[in-house]
Amino acid sequence: MMKISKIAKILKIELNSLTIFSEDEKALEINAMNTLKDAKKDEISFVSNSKYIKDIKNTDAGAILVDENTKKYVPDGCIAIVVQNPYWEVATLSKHFSSPIEDDNIITPRVGEGTKISKKAEIASGAVIGENCTILAGAYVGSNVTLGDNVTLYPNVVIYRDCVIGNNCRIHANTTIGSDGFGFATNKLGEHKKIYQNGNVVIEDDVEIGSSTTVDRAVFGSTLIKKGVRIDNLVQIAHNCKVGEYSVLVAQMGMAGSTTIGRNVVMGAQSGVAGHLEIAPFTTFAARSGVTKTIKESGKIFAGFPLMEHRAWLKLQSKIAKLLKA
Amino acid sequence: MMKISKIAKILKIELNSLTIFSEDEKALEINAMNTLKDAKKDEISFVSNSKYIKDIKNTDAGAILVDENTKKYVPDGCIAIVVQNPYWEVATLSKHFSSPIEDDNIITPRVGEGTKISKKAEIASGAVIGENCTILAGAYVGSNVTLGDNVTLYPNVVIYRDCVIGNNCRIHANTTIGSDGFGFATNKLGEHKKIYQNGNVVIEDDVEIGSSTTVDRAVFGSTLIKKGVRIDNLVQIAHNCKVGEYSVLVAQMGMAGSTTIGRNVVMGAQSGVAGHLEIAPFTTFAARSGVTKTIKESGKIFAGFPLMEHRAWLKLQSKIAKLLKA
Amino acid sequence: MMKISKIAKILKIELNSLTIFSEDEKALEINAMNTLKDAKKDEISFVSNSKYIKDIKNTDAGAILVDENTKKYVPDGCIAIVVQNPYWEVATLSKHFSSPIEDDNIITPRVGEGTKISKKAEIASGAVIGENCTILAGAYVGSNVTLGDNVTLYPNVVIYRDCVIGNNCRIHANTTIGSDGFGFATNKLGEHKKIYQNGNVVIEDDVEIGSSTTVDRAVFGSTLIKKGVRIDNLVQIAHNCKVGEYSVLVAQMGMAGSTTIGRNVVMGAQSGVAGHLEIAPFTTFAARSGVTKTIKESGKIFAGFPLMEHRAWLKLQSKIAKLLKA
């Protein structure tokens with residue numbers, strides 16, 4: 001939690017410019033960073049891309065990082081904090097809103113009846129673990145993580161702080177839940193600055209995840225794996241993805257950031273989905289499909305890269321075969 | 001081990017229907033589940049796909065899960081257990097034939113002379129470890145695992161229960177051997193039920209496996225890596241695959257379930273092989289090949305997806321180049 | 001360190017042939033193996049491919065493994081060690097120049113002020129760790145590893161012996177740095193012999209690496225990740241690669257051995273680069289690009305496999321769409 005005056009100081013905003021904040025504005029307490037869409041009064045948001053200007057008028061954010069040109073779109077009652085490069089300053093601020101890797105205060109983890117925890121597993125401060133769980137050697141349960149009942153963590157599974165795992169989940173060896181999303185700002189010199197990933201991962205009930213899979217925590221909010229999902233080995237799920245109920249993600253497939261897939265979607269082995277897309281329920285993608293557009297109609301089967309309906313893909317193969325003979 | 005009468009009870013087969021079993025049938029002891037082809041008298045098999053009906057007459061299984069329509073193909077001396085959805089009931093039964101994740105009875109592991117085990121490694125009940133092995137911190141050797149002589153397990157390698165590793169094997173950090181194959185049944189509502197993977201992984205002598213690779217255990221029987229195989233990093237080998245002697249699997253390639261590749265096959269980086277195929281010995285696949293058909297003739301070189309002979313692939317590229325200029 | 005006479009003995013060079021070495025030659029001390037280009041007077045090199053014959057005259061190596069036909073190119077002052085299959089004997093010798101997995105002599109690790117190390121982490125003999133580092137449970141820091149200041153190793157990260165990590169680096173869970181490169185010689189029977197990977201990995205300052213990524217150690221010299229690089233999850237970097245400053249490697253991409261990429265290169269998700277290539281600075285590759293040729297001109301954007309300029313790739317897609325309609 002920090003006041004606007006402190007944020008202004010962190011961002012090295014000129015005193016002159018600081019004076020344009022009223023005393024009330026300077027005293028406003030900000031608890032977190034968030035998107036324009038999800039931010040509340042006690043949160044700060046940002047506009048780093050002109051395509052989001054249209055969303056400014058509907059935000060509930062208490063303050064917004066904007067550049068000089070965008071300032072005029074910020075409505076009354078929302079504090080405009082003007083900086084040269086808003087995305088770079090998102091990175092600067094994100095560090096100040098981040099939690100320590102593990103909490104320092106020692107809160108003994110709560111563990112439900114019937115749960116077995118290997119002495120070689122690590123349960124960090126403040127974790128809450130349900131009943132009849134099995135946590136094997138080398139598994140790591142971070143600060144404030146919540147595990148439901150009947151959860152199995154195989155050896156060397158890592159759950160980063162603040163993540164939530166539902167009942168009856170089974171996570172196989174060497175898988176990582178909640179590692180940092182791949183987020184950074186880049187300046188004109190080509191240097192990068194980390195955007196701290198202050199969200200978490202929420203996994204609902206009855207989910208099984210294979211070995212050496214990675215599910216990144218959200219930058220804000222949650223990466224979400226819904227009830228009954230099946231994830232195979234070596235799958236990559238980037239920050240802020242949402243995976244619908246009973247969807248099936250086969251080995252070595254990958255999802256880029258902020259993509260949402262509906263229920264009972266099947267993503268074939270080694271397939272990939274670009275970021276910020278939406279995939280309709282009951283869509284099936286053959287192995288190696290490369291998905292770069294939103295799919296609105298449910299129940300269809302796709303293949304190839306670029307993606308096409310599976311039927312078209314089969315036709316293309318026969319055309320290619322003919323081309324080869326020509 | 002359980003009697004047919006217990007299986008009938010687990011599957012909630014109506015008492016009426018149960019009465020069709022003779023007393024001898026009800027008393028038959030079943031030790032495991034298996035495929036029609038491999039099942040023995042004390043094992044139960046299933047038919048969930050009409051293409052396997054032809055194999056029923058040759059099975060040695062003591063009992064078979066079938067649907068009403070398939071019942072008539074079950075020969076005398078083999079017990080037909082009629083259910084609505086045999087594959088779903090395979091999932092139901094598989095749990096009852098599964099072993100605990102670690103054995104409860106404490107059998108002190110046997111460790112050969114000259115073997116060094118880090119105090120931070122975990123060796124579960126009943127493991128048998130050969131001579132002159134090196135087991136580094138964080139490695140996990142599950143119940144009843146057998147390691148040969150001169151085996152090196154780098155830090156955080158995980159070997160699930162019942163797997164067998166030959167002499168002179170070297171397995172690099174964070175690799176997982178024997179995690180569950182990706183098996184489940186799905187009902188009409190789109191819900192999944194886990195098929196417990198009750199087989200294991202067998203790795204023969206002189207095999208080296210890279211880091212963060214995953215080799216899944218078989219659903220029944222064994223996933224098999226034969227003598228002298230070389231596997232790179234981040235490779236996925238699904239349940240019930242067989243990899244022939246001295247084959248070379250380059251980084252990030254993946255094999256789907258039940259595929260068999262012959263000796264000295266080279267699978268290029270990021271290549272993939274679909275399930276239930278057979279690949280002739282001495283076949284070479286260029287990087288990124290996508291293999292969807294059985295290869296019968298040995299010694300050829302392939303590339304592309306869809307797959308073609310490497311020569312044809314080169315020709316296709318020049319055709320595409322012309323197409324672009326047109 | 002070993003004398004030429006010992007090398008001759010290891011390689012079982014005939015006594016007759018041994019006698020052609022002078023007493024001075026036999027006594028020459030060899031400290032390591034290296035490439036023709038990088039070898040010094042106290043190192044031994046090899047020629048296993050006729051395309052490297054041209055480099056023999058410029059080598060500073062004290063000795064070279066060559067076959068009978070190549071012997072004549074070895075200049076005066078450099079000892080020619082004639083063997084039937086030089087690459088196979090590189091494998092034989094590499095074992096004798098390798099270090100133990102962990103050092104036996106107990107050198108207490110040096111740890112800087114402010115550094116926190118979990119009791120469940122393992123720090124091997126001779127490691128040197130800077131100030132204000134955080135090393136979480138299950139992390140492994142091998143013998144003689146050097147970590148700079150402010151380094152974070154998340155749970156179960158593995159750093160093999162002799163690797164060097166700069167200041168402010170952050171390495172996410174289950175990632176492996178310094179595992180063996182995928183190197184082996186193969187004889188006429190198709191059998192493989194390991195080439196021990198006696199180099200290391202050097203990671204410069206301000207690098208962040210995701211979870212379950214693998215960076216292999218060099219066979220000779222160093223695999224190098226330069227300042228400010230960002231690497232996502234499940235990325236594979238093979239032995240002897242060099243990654244330029246501020247480059248960005250997105251999830252599930254892979255680099256084959258000995259490839260060098262310049263600064264600020266962006267490799268899209270699931271892309272791949274073949275071995276022994278050079279990529280100019282500021283090159284961008286779209287997701288799934290397959291790079292098989294050196295890129296000399298900087299600042300361009302590429303896509304596809306086979307690779308083409310992104311503009312051409314878009315054009316190709318529209319041609320394919322037309323082909324499908326035809």
# chains A, B, ... in the order shown; residues from 1 in each chain; ligands from 1
$ interface_residues --of "chain A" --to "chain C" --cutoff "8 Å" --atoms "only C-alpha atoms" --output "number ranges by chain"
A: 120, 122, 138, 140, 156, 158, 174-176, 179-180, 182, 190-192, 212-214, 234, 236, 254, 272, 306, 312, 315-316, 319
$ write_last_selection --atoms "N, CA and C atoms" --output "PDB file, in the first residue's frame"
ATOM      1  N   LYS A 120      11.374 -33.992   3.398  1.00  0.00           N
ATOM      2  CA  LYS A 120      12.214 -33.317   2.405  1.00  0.00           C
ATOM      3  C   LYS A 120      11.412 -32.364   1.523  1.00  0.00           C
ATOM      4  N   GLU A 122       9.241 -28.730   1.280  1.00  0.00           N
ATOM      5  CA  GLU A 122       9.320 -27.435   1.962  1.00  0.00           C
ATOM      6  C   GLU A 122       7.944 -26.782   1.924  1.00  0.00           C
ATOM      7  N   GLY A 138      10.981 -33.031  -1.915  1.00  0.00           N
ATOM      8  CA  GLY A 138      11.445 -32.000  -2.838  1.00  0.00           C
ATOM      9  C   GLY A 138      10.354 -31.080  -3.343  1.00  0.00           C
ATOM     10  N   TYR A 140       7.734 -28.060  -3.198  1.00  0.00           N
ATOM     11  CA  TYR A 140       7.825 -26.745  -2.550  1.00  0.00           C
ATOM     12  C   TYR A 140       6.464 -26.075  -2.610  1.00  0.00           C
ATOM     13  N   ASN A 156       9.430 -32.753  -6.256  1.00  0.00           N
ATOM     14  CA  ASN A 156      10.030 -31.581  -6.892  1.00  0.00           C
ATOM     15  C   ASN A 156       9.050 -30.677  -7.639  1.00  0.00           C
ATOM     16  N   VAL A 158       6.925 -27.449  -7.818  1.00  0.00           N
ATOM     17  CA  VAL A 158       7.112 -26.149  -7.177  1.00  0.00           C
ATOM     18  C   VAL A 158       5.844 -25.301  -7.358  1.00  0.00           C
ATOM     19  N   ASN A 174       8.425 -32.272 -11.030  1.00  0.00           N
ATOM     20  CA  ASN A 174       9.201 -31.223 -11.681  1.00  0.00           C
ATOM     21  C   ASN A 174       8.364 -30.185 -12.415  1.00  0.00           C
ATOM     22  N   THR A 175       7.073 -30.156 -12.133  1.00  0.00           N
ATOM     23  CA  THR A 175       6.221 -29.117 -12.725  1.00  0.00           C
ATOM     24  C   THR A 175       6.243 -27.865 -11.843  1.00  0.00           C
ATOM     25  N   THR A 176       6.105 -26.710 -12.484  1.00  0.00           N
ATOM     26  CA  THR A 176       6.166 -25.426 -11.790  1.00  0.00           C
ATOM     27  C   THR A 176       4.856 -24.666 -11.975  1.00  0.00           C
ATOM     28  N   SER A 179       5.366 -19.555 -11.532  1.00  0.00           N
ATOM     29  CA  SER A 179       6.591 -18.807 -11.827  1.00  0.00           C
ATOM     30  C   SER A 179       6.210 -17.517 -12.557  1.00  0.00           C
ATOM     31  N   ASP A 180       7.148 -16.591 -12.602  1.00  0.00           N
ATOM     32  CA  ASP A 180       6.836 -15.265 -13.142  1.00  0.00           C
ATOM     33  C   ASP A 180       6.488 -15.317 -14.627  1.00  0.00           C
ATOM     34  N   PHE A 182       6.365 -13.782 -18.401  1.00  0.00           N
ATOM     35  CA  PHE A 182       7.493 -13.244 -19.168  1.00  0.00           C
ATOM     36  C   PHE A 182       7.181 -11.786 -19.487  1.00  0.00           C
ATOM     37  N   GLY A 190      17.279  -0.574 -25.943  1.00  0.00           N
ATOM     38  CA  GLY A 190      17.109  -2.021 -26.034  1.00  0.00           C
ATOM     39  C   GLY A 190      17.263  -2.734 -24.702  1.00  0.00           C
ATOM     40  N   GLU A 191      17.393  -1.964 -23.622  1.00  0.00           N
ATOM     41  CA  GLU A 191      17.505  -2.582 -22.295  1.00  0.00           C
ATOM     42  C   GLU A 191      16.123  -2.942 -21.754  1.00  0.00           C
ATOM     43  N   HIS A 192      16.078  -4.010 -20.954  1.00  0.00           N
ATOM     44  CA  HIS A 192      14.802  -4.459 -20.398  1.00  0.00           C
ATOM     45  C   HIS A 192      14.707  -4.154 -18.911  1.00  0.00           C
ATOM     46  N   SER A 212       7.121 -31.616 -15.667  1.00  0.00           N
ATOM     47  CA  SER A 212       7.878 -30.537 -16.313  1.00  0.00           C
ATOM     48  C   SER A 212       7.002 -29.600 -17.135  1.00  0.00           C
ATOM     49  N   THR A 213       5.802 -29.352 -16.650  1.00  0.00           N
ATOM     50  CA  THR A 213       4.938 -28.342 -17.269  1.00  0.00           C
ATOM     51  C   THR A 213       5.106 -27.041 -16.492  1.00  0.00           C
ATOM     52  N   THR A 214       4.855 -25.906 -17.155  1.00  0.00           N
ATOM     53  CA  THR A 214       5.020 -24.611 -16.506  1.00  0.00           C
ATOM     54  C   THR A 214       3.748 -23.785 -16.661  1.00  0.00           C
ATOM     55  N   LEU A 234       5.381 -31.039 -20.266  1.00  0.00           N
ATOM     56  CA  LEU A 234       6.149 -30.044 -21.026  1.00  0.00           C
ATOM     57  C   LEU A 234       5.269 -29.026 -21.731  1.00  0.00           C
ATOM     58  N   GLN A 236       3.418 -25.300 -21.829  1.00  0.00           N
ATOM     59  CA  GLN A 236       3.674 -23.944 -21.344  1.00  0.00           C
ATOM     60  C   GLN A 236       2.375 -23.147 -21.334  1.00  0.00           C
ATOM     61  N   GLY A 254       1.827 -24.982 -26.309  1.00  0.00           N
ATOM     62  CA  GLY A 254       2.065 -23.761 -25.564  1.00  0.00           C
ATOM     63  C   GLY A 254       0.999 -22.714 -25.811  1.00  0.00           C
ATOM     64  N   GLY A 272       0.306 -24.555 -30.752  1.00  0.00           N
ATOM     65  CA  GLY A 272       0.551 -23.294 -30.073  1.00  0.00           C
ATOM     66  C   GLY A 272      -0.590 -22.321 -30.307  1.00  0.00           C
ATOM     67  N   PRO A 306      -0.251 -21.664 -41.317  1.00  0.00           N
ATOM     68  CA  PRO A 306      -1.423 -21.020 -40.707  1.00  0.00           C
ATOM     69  C   PRO A 306      -2.595 -21.984 -40.584  1.00  0.00           C
ATOM     70  N   ALA A 312      -9.893 -28.569 -44.955  1.00  0.00           N
ATOM     71  CA  ALA A 312      -9.123 -27.761 -45.898  1.00  0.00           C
ATOM     72  C   ALA A 312      -7.648 -28.160 -45.860  1.00  0.00           C
ATOM     73  N   LYS A 315      -7.087 -31.178 -47.864  1.00  0.00           N
ATOM     74  CA  LYS A 315      -7.133 -30.810 -49.279  1.00  0.00           C
ATOM     75  C   LYS A 315      -5.810 -30.156 -49.697  1.00  0.00           C
ATOM     76  N   LEU A 316      -5.310 -29.290 -48.836  1.00  0.00           N
ATOM     77  CA  LEU A 316      -4.038 -28.626 -49.127  1.00  0.00           C
ATOM     78  C   LEU A 316      -2.923 -29.643 -49.308  1.00  0.00           C
ATOM     79  N   LYS A 319      -3.080 -31.051 -52.685  1.00  0.00           N
ATOM     80  CA  LYS A 319      -2.610 -30.051 -53.664  1.00  0.00           C
ATOM     81  C   LYS A 319      -1.074 -30.000 -53.666  1.00  0.00           C
TER      82      LYS A 319
END
$ select_by_dssp --residues "range 54-299 of chain A" --states "alpha helix (DSSP H)" --output "JSON, numbers by chain"
{"A": [86, 87, 88, 89, 90, 91, 92, 93, 94, 95, 96]}
$ write_last_selection --atoms "N, CA and C atoms" --output "PDB file, in the first residue's frame"
ATOM      1  N   PRO A  86       4.955   5.311 -20.166  1.00  0.00           N
ATOM      2  CA  PRO A  86       4.139   4.651 -19.137  1.00  0.00           C
ATOM      3  C   PRO A  86       4.496   3.175 -18.913  1.00  0.00           C
ATOM      4  N   TYR A  87       4.788   2.427 -19.980  1.00  0.00           N
ATOM      5  CA  TYR A  87       5.040   0.998 -19.794  1.00  0.00           C
ATOM      6  C   TYR A  87       6.314   0.780 -18.987  1.00  0.00           C
ATOM      7  N   TRP A  88       7.327   1.593 -19.261  1.00  0.00           N
ATOM      8  CA  TRP A  88       8.576   1.526 -18.489  1.00  0.00           C
ATOM      9  C   TRP A  88       8.311   1.807 -17.006  1.00  0.00           C
ATOM     10  N   GLU A  89       7.426   2.745 -16.740  1.00  0.00           N
ATOM     11  CA  GLU A  89       7.144   3.102 -15.342  1.00  0.00           C
ATOM     12  C   GLU A  89       6.228   2.075 -14.669  1.00  0.00           C
ATOM     13  N   VAL A  90       5.439   1.352 -15.469  1.00  0.00           N
ATOM     14  CA  VAL A  90       4.726   0.192 -14.916  1.00  0.00           C
ATOM     15  C   VAL A  90       5.760  -0.766 -14.329  1.00  0.00           C
ATOM     16  N   ALA A  91       6.833  -0.989 -15.101  1.00  0.00           N
ATOM     17  CA  ALA A  91       7.896  -1.874 -14.610  1.00  0.00           C
ATOM     18  C   ALA A  91       8.514  -1.313 -13.329  1.00  0.00           C
ATOM     19  N   THR A  92       8.821  -0.006 -13.352  1.00  0.00           N
ATOM     20  CA  THR A  92       9.414   0.612 -12.157  1.00  0.00           C
ATOM     21  C   THR A  92       8.529   0.407 -10.928  1.00  0.00           C
ATOM     22  N   LEU A  93       7.240   0.723 -11.091  1.00  0.00           N
ATOM     23  CA  LEU A  93       6.317   0.635  -9.955  1.00  0.00           C
ATOM     24  C   LEU A  93       6.049  -0.794  -9.515  1.00  0.00           C
ATOM     25  N   SER A  94       6.026  -1.721 -10.494  1.00  0.00           N
ATOM     26  CA  SER A  94       5.621  -3.107 -10.189  1.00  0.00           C
ATOM     27  C   SER A  94       6.483  -3.701  -9.086  1.00  0.00           C
ATOM     28  N   LYS A  95       7.745  -3.299  -9.056  1.00  0.00           N
ATOM     29  CA  LYS A  95       8.650  -3.823  -8.025  1.00  0.00           C
ATOM     30  C   LYS A  95       8.178  -3.400  -6.636  1.00  0.00           C
ATOM     31  N   HIS A  96       7.679  -2.176  -6.543  1.00  0.00           N
ATOM     32  CA  HIS A  96       7.274  -1.649  -5.241  1.00  0.00           C
ATOM     33  C   HIS A  96       5.964  -2.262  -4.752  1.00  0.00           C
TER      34      HIS A  96
END
$ residues_around --residues "range 23-32 of chain B" --least-positions-apart "6" --cutoff "7 Å" --atoms "only C-alpha atoms" --output "PyMOL selection string"
chain B and resi 1-5+42-44+97
$ atom_distance --atom1 "CA of Lys226 in chain A" --atom2 "CA of Gly244 in chain A"
5.3 Å
$ residues_around --residues "Ile177 in chain C" --least-positions-apart "5" --cutoff "9 Å" --atoms "only C-alpha atoms" --output "list of chain:residue names"
C:Val157, C:Val158, C:Ile159, C:Tyr160, C:Cys163, C:Val201, C:Thr213, C:Thr214, C:Val215, C:Asp216, C:Arg217
$ write_last_selection --atoms "C-alpha atoms" --output "PDB file, in the first residue's frame"
ATOM      1  CA  VAL C 157      17.129 -24.848  -9.904  1.00  0.00           C
ATOM      2  CA  VAL C 158      20.246 -26.866 -10.709  1.00  0.00           C
ATOM      3  CA  ILE C 159      23.585 -25.263 -11.576  1.00  0.00           C
ATOM      4  CA  TYR C 160      26.227 -27.821 -12.543  1.00  0.00           C
ATOM      5  CA  CYS C 163      29.342 -22.437 -14.128  1.00  0.00           C
ATOM      6  CA  VAL C 201      28.107 -21.986 -18.873  1.00  0.00           C
ATOM      7  CA  THR C 213      14.606 -24.213 -19.233  1.00  0.00           C
ATOM      8  CA  THR C 214      17.843 -26.034 -20.058  1.00  0.00           C
ATOM      9  CA  VAL C 215      21.197 -24.440 -20.866  1.00  0.00           C
ATOM     10  CA  ASP C 216      23.877 -26.992 -21.674  1.00  0.00           C
ATOM     11  CA  ARG C 217      27.545 -26.578 -20.789  1.00  0.00           C
TER      12      ARG C 217
END
$ select_by_dssp --residues "range 85-284 of chain B" --states "strand (DSSP E)" --output "ChimeraX atom specification"
/B:110-111,116-117,122-123,128-129,134-135,140-141,146-147,152-153,158-159,164-165,170-171,176-179,184-186,192-194,200-203,208-209,214-216,222-225,230-231,236-237,242-243,248-249,254-255,260-261,266-267,272-273,278-279,284
$ residues_around --residues "Ile81 in chain C" --least-positions-apart "5" --cutoff "7 Å" --atoms "only C-alpha atoms" --output "mmCIF file with N, CA and C atoms, in the first residue's frame"
data_model
loop_
_atom_site.group_PDB
_atom_site.id
_atom_site.type_symbol
_atom_site.label_atom_id
_atom_site.label_comp_id
_atom_site.auth_asym_id
_atom_site.auth_seq_id
_atom_site.Cartn_x
_atom_site.Cartn_y
_atom_site.Cartn_z
ATOM 1 N N ALA C 63 49.237 -30.660 -29.759
ATOM 2 C CA ALA C 63 49.099 -31.950 -30.436
ATOM 3 C C ALA C 63 47.736 -32.015 -31.101
ATOM 4 N N ILE C 64 47.648 -32.848 -32.139
ATOM 5 C CA ILE C 64 46.373 -33.004 -32.858
ATOM 6 C C ILE C 64 46.114 -34.477 -33.144
ATOM 7 N N LEU C 65 44.894 -34.911 -32.855
ATOM 8 C CA LEU C 65 44.458 -36.245 -33.269
ATOM 9 C C LEU C 65 44.064 -36.175 -34.746
ATOM 10 N N VAL C 66 44.694 -36.977 -35.561
ATOM 11 C CA VAL C 66 44.384 -36.974 -36.998
ATOM 12 C C VAL C 66 44.352 -38.405 -37.510
#
$ residues_around --residues "His276 in chain A" --least-positions-apart "2" --cutoff "10 Å" --atoms "only C-alpha atoms" --output "list of chain:residue names"
A:Asn240, A:Cys241, A:Met255, A:Ala256, A:Gly257, A:Ser258, A:Thr259, A:Thr260, A:Val273, A:Ala274, A:Glu278, A:Thr292, A:Lys293, A:Thr294
$ write_last_selection --atoms "N, CA and C atoms" --output "PDB file, in the first residue's frame"
ATOM      1  N   ASN A 240      -1.812 -14.992 -17.256  1.00  0.00           N
ATOM      2  CA  ASN A 240      -3.157 -14.482 -17.501  1.00  0.00           C
ATOM      3  C   ASN A 240      -3.989 -15.309 -18.480  1.00  0.00           C
ATOM      4  N   CYS A 241      -3.537 -16.518 -18.830  1.00  0.00           N
ATOM      5  CA  CYS A 241      -4.398 -17.406 -19.623  1.00  0.00           C
ATOM      6  C   CYS A 241      -5.542 -17.923 -18.754  1.00  0.00           C
ATOM      7  N   MET A 255       0.670 -21.966 -24.769  1.00  0.00           N
ATOM      8  CA  MET A 255      -0.291 -20.860 -24.877  1.00  0.00           C
ATOM      9  C   MET A 255       0.422 -19.564 -24.520  1.00  0.00           C
ATOM     10  N   ALA A 256       0.336 -18.557 -25.382  1.00  0.00           N
ATOM     11  CA  ALA A 256       0.906 -17.248 -25.072  1.00  0.00           C
ATOM     12  C   ALA A 256      -0.051 -16.475 -24.154  1.00  0.00           C
ATOM     13  N   GLY A 257       0.403 -15.333 -23.689  1.00  0.00           N
ATOM     14  CA  GLY A 257      -0.276 -14.641 -22.592  1.00  0.00           C
ATOM     15  C   GLY A 257      -1.687 -14.165 -22.888  1.00  0.00           C
ATOM     16  N   SER A 258      -2.533 -14.194 -21.857  1.00  0.00           N
ATOM     17  CA  SER A 258      -3.868 -13.593 -21.870  1.00  0.00           C
ATOM     18  C   SER A 258      -4.829 -14.228 -22.855  1.00  0.00           C
ATOM     19  N   THR A 259      -4.576 -15.451 -23.257  1.00  0.00           N
ATOM     20  CA  THR A 259      -5.520 -16.159 -24.123  1.00  0.00           C
ATOM     21  C   THR A 259      -6.506 -16.955 -23.275  1.00  0.00           C
ATOM     22  N   THR A 260      -7.757 -16.997 -23.738  1.00  0.00           N
ATOM     23  CA  THR A 260      -8.807 -17.719 -23.033  1.00  0.00           C
ATOM     24  C   THR A 260      -9.327 -18.828 -23.917  1.00  0.00           C
ATOM     25  N   VAL A 273      -0.845 -21.479 -29.332  1.00  0.00           N
ATOM     26  CA  VAL A 273      -1.870 -20.437 -29.464  1.00  0.00           C
ATOM     27  C   VAL A 273      -1.220 -19.102 -29.146  1.00  0.00           C
ATOM     28  N   ALA A 274      -1.422 -18.133 -30.014  1.00  0.00           N
ATOM     29  CA  ALA A 274      -0.882 -16.796 -29.776  1.00  0.00           C
ATOM     30  C   ALA A 274      -1.617 -16.122 -28.613  1.00  0.00           C
ATOM     31  N   GLU A 278      -9.395 -15.652 -28.096  1.00  0.00           N
ATOM     32  CA  GLU A 278     -10.439 -16.426 -27.429  1.00  0.00           C
ATOM     33  C   GLU A 278     -10.812 -17.610 -28.313  1.00  0.00           C
ATOM     34  N   THR A 292      -3.562 -18.341 -34.542  1.00  0.00           N
ATOM     35  CA  THR A 292      -3.222 -16.919 -34.440  1.00  0.00           C
ATOM     36  C   THR A 292      -4.454 -16.024 -34.480  1.00  0.00           C
ATOM     37  N   LYS A 293      -5.638 -16.629 -34.556  1.00  0.00           N
ATOM     38  CA  LYS A 293      -6.860 -15.824 -34.558  1.00  0.00           C
ATOM     39  C   LYS A 293      -7.888 -16.389 -33.595  1.00  0.00           C
ATOM     40  N   THR A 294      -8.733 -15.508 -33.107  1.00  0.00           N
ATOM     41  CA  THR A 294      -9.844 -15.922 -32.250  1.00  0.00           C
ATOM     42  C   THR A 294     -10.781 -16.852 -33.016  1.00  0.00           C
TER      43      THR A 294
END
$ atom_distance --atom1 "CA of Ser289 in chain B" --atom2 "CA of Ile165 in chain B"
29.4 Å
$ residues_around --residues "Gly290 in chain C" --least-positions-apart "5" --cutoff "6 Å" --atoms "only C-alpha atoms" --output "JSON, numbers by chain"
{"C": [271, 272, 305, 307]}
